[in-house]
Amino acid sequence: AKEIEVLNYAENFRRQFVHLYRDRKPLFLAPPNEFSIEKLVCTTLRPTLLPYKELYDWDGASQFVSDYLSYVPLECPNELPEHLYSPTEVLRRQKGNCFDFSNLLCSLLLGAGYDAYCVCGYATKEVTLMDQSRSQCPLLKKKDAVQKEEGKVKKKKYRLRLCVDTTA
């Protein structure tokens, strides 16, 4: 009963948002889950602590998500997905889109004690498709260029002011 009430509040907010900001994309507040039941994104996140110590820090958790799951791009990269699957379903299927990945990673991080959030925004096509073909590999930099970078002294933007001696 309380969840339905919160869903009604979210729907009311969504309608007001659409009315005020007609030119913006719709909000991703309560997509249907794998059972076609509308769930708020925040209730889809479940603090999940798996019995593997390697997953208890952000690096291990992100490595697990990227290695264990197969990435399936959204059919329309500019549109929101039709469903947001639970972390359990994503692990069972071993594949997902960017929303599924972020939902699972956020759940793992919450379970490990991190203050984690899922955010939906915009990125370039190269970022969304993990295209690094135009990026220069840092391992291929010439040794001279690396030494010059190390030799440069960074100019400090901020510095402490010296106390003025006001004694007479």
# chains A, B, ... in the order shown; residues from 1 in each chain; ligands from 1
$ select_by_dssp --residues "region 51-166 of chain A" --states "alpha helix (DSSP H)" --output "PyMOL selection string"
chain A and resi 58-68+87-93+98-111+125-128+143-151
$ residues_around --residues "Cys76 (chain A)" --least-positions-apart "3" --cutoff "12 Å" --atoms "only C-alpha atoms" --output "list in words"
Val72, Pro73, Glu79, Leu80, Pro81, Glu82, Asn97, Lys125 and Thr128 of chain A
$ write_last_selection --atoms "all heavy atoms" --output "CSV table (one decimal), in the first residue's frame"
chain,number,residue,atom,x,y,z
A,72,VAL,N,25.1,-5.7,-23.5
A,72,VAL,CA,24.1,-5.7,-24.6
A,72,VAL,C,23.7,-4.2,-24.8
A,72,VAL,O,23.0,-3.7,-23.9
A,72,VAL,CB,22.9,-6.5,-24.3
A,72,VAL,CG1,21.9,-6.5,-25.4
A,72,VAL,CG2,23.3,-8.0,-24.0
A,73,PRO,N,24.1,-3.5,-25.8
A,73,PRO,CA,23.7,-2.1,-26.0
A,73,PRO,C,22.2,-2.0,-26.1
A,73,PRO,O,21.5,-2.9,-26.6
A,73,PRO,CB,24.4,-1.7,-27.3
A,73,PRO,CG,25.2,-2.8,-27.7
A,73,PRO,CD,24.9,-4.0,-26.9
A,79,GLU,N,17.4,6.4,-26.0
A,79,GLU,CA,16.1,6.2,-25.3
A,79,GLU,C,16.4,5.4,-24.1
A,79,GLU,O,17.4,4.7,-23.9
A,79,GLU,CB,15.1,5.4,-26.2
A,79,GLU,CG,14.8,6.2,-27.5
A,79,GLU,CD,14.1,7.5,-27.2
A,79,GLU,OE1,13.2,7.5,-26.3
A,79,GLU,OE2,14.3,8.4,-28.0
A,80,LEU,N,15.5,5.5,-23.2
A,80,LEU,CA,15.5,4.7,-21.9
A,80,LEU,C,15.1,3.2,-22.2
A,80,LEU,O,14.3,3.0,-23.1
A,80,LEU,CB,14.6,5.3,-20.9
A,80,LEU,CG,15.0,6.8,-20.5
A,80,LEU,CD1,13.9,7.4,-19.6
A,80,LEU,CD2,16.3,6.8,-19.7
A,81,PRO,N,15.6,2.3,-21.4
A,81,PRO,CA,15.2,0.9,-21.6
A,81,PRO,C,13.7,0.7,-21.2
A,81,PRO,O,13.1,1.5,-20.4
A,81,PRO,CB,16.1,0.1,-20.7
A,81,PRO,CG,16.5,1.1,-19.6
A,81,PRO,CD,16.5,2.4,-20.3
A,82,GLU,N,13.1,-0.3,-21.7
A,82,GLU,CA,11.7,-0.6,-21.4
A,82,GLU,C,11.6,-1.2,-20.0
A,82,GLU,O,10.5,-1.0,-19.4
A,82,GLU,CB,11.1,-1.6,-22.4
A,82,GLU,CG,11.0,-1.0,-23.8
A,82,GLU,CD,10.5,-2.0,-24.8
A,82,GLU,OE1,9.9,-3.0,-24.4
A,82,GLU,OE2,10.5,-1.7,-26.0
A,97,ASN,N,22.2,-4.2,-20.1
A,97,ASN,CA,22.6,-2.9,-20.7
A,97,ASN,C,23.2,-2.1,-19.7
A,97,ASN,O,23.5,-2.5,-18.5
A,97,ASN,CB,21.3,-2.3,-21.4
A,97,ASN,CG,20.2,-2.0,-20.3
A,97,ASN,OD1,20.5,-1.7,-19.2
A,97,ASN,ND2,19.0,-2.3,-20.8
A,125,LYS,N,28.8,9.1,-28.2
A,125,LYS,CA,28.7,7.8,-28.7
A,125,LYS,C,29.9,7.0,-28.4
A,125,LYS,O,29.8,5.8,-28.1
A,125,LYS,CB,28.5,7.9,-30.2
A,125,LYS,CG,28.2,6.6,-30.9
A,125,LYS,CD,28.0,6.7,-32.4
A,125,LYS,CE,27.8,5.4,-33.1
A,125,LYS,NZ,27.5,5.5,-34.5
A,128,THR,N,29.6,5.6,-24.8
A,128,THR,CA,28.6,4.6,-24.6
A,128,THR,C,29.0,3.3,-25.3
A,128,THR,O,28.5,2.2,-24.8
A,128,THR,CB,27.2,5.1,-25.1
A,128,THR,OG1,27.3,5.4,-26.5
A,128,THR,CG2,26.7,6.3,-24.3
$ closest_residue --among "A:Thr48, A:Ala30, A:Pro77, A:Arg24" --to "Val127 (chain A)" --atoms "only C-alpha atoms"
A:Pro77
$ closest_residue --among "A:Glu11, A:Asp115, A:Asp57, A:Glu34" --to "Asp100 (chain A)" --atoms "only C-alpha atoms"
A:Glu34
$ residues_around --residues "Pro47 (chain A)" --least-positions-apart "2" --cutoff "7 Å" --atoms "only C-alpha atoms" --output "list in words"
Leu45, Leu49, Ser107, Leu108, Leu110 and Gly111 of chain A
$ write_last_selection --atoms "N, CA and C atoms" --output "short mmCIF file (atom, residue, chain, number, x, y, z; two decimals), in the first residue's frame"
data_model
loop_
_atom_site.label_atom_id
_atom_site.label_comp_id
_atom_site.auth_asym_id
_atom_site.auth_seq_id
_atom_site.Cartn_x
_atom_site.Cartn_y
_atom_site.Cartn_z
N LEU A 45 17.26 -1.00 -6.31
CA LEU A 45 18.59 -1.17 -5.73
C LEU A 45 18.47 -1.96 -4.43
N LEU A 49 25.56 -8.24 -0.61
CA LEU A 49 26.90 -8.59 -0.18
C LEU A 49 27.12 -10.06 -0.47
N SER A 107 24.20 -1.84 -6.30
CA SER A 107 23.74 -2.75 -5.25
C SER A 107 24.91 -3.42 -4.54
N LEU A 108 25.92 -3.83 -5.30
CA LEU A 108 27.11 -4.43 -4.69
C LEU A 108 27.85 -3.42 -3.81
N LEU A 110 26.56 -0.72 -2.35
CA LEU A 110 25.75 -0.46 -1.15
C LEU A 110 25.92 -1.59 -0.13
N GLY A 111 25.96 -2.83 -0.60
CA GLY A 111 26.16 -3.96 0.30
C GLY A 111 27.52 -3.94 0.97
#
$ closest_residue --among "A:Gln63, A:Thr124, A:Ser135, A:Ser70" --to "Cys98 (chain A)" --atoms "only C-alpha atoms"
A:Ser70
$ closest_residue --among "A:Thr167, A:Phe64, A:Lys2, A:Leu27" --to "Arg14 (chain A)" --atoms "only C-alpha atoms"
A:Leu27
$ closest_residue --among "A:Leu29, A:Ala1, A:Val18, A:Leu74" --to "Leu129 (chain A)" --atoms "only C-alpha atoms"
A:Leu74
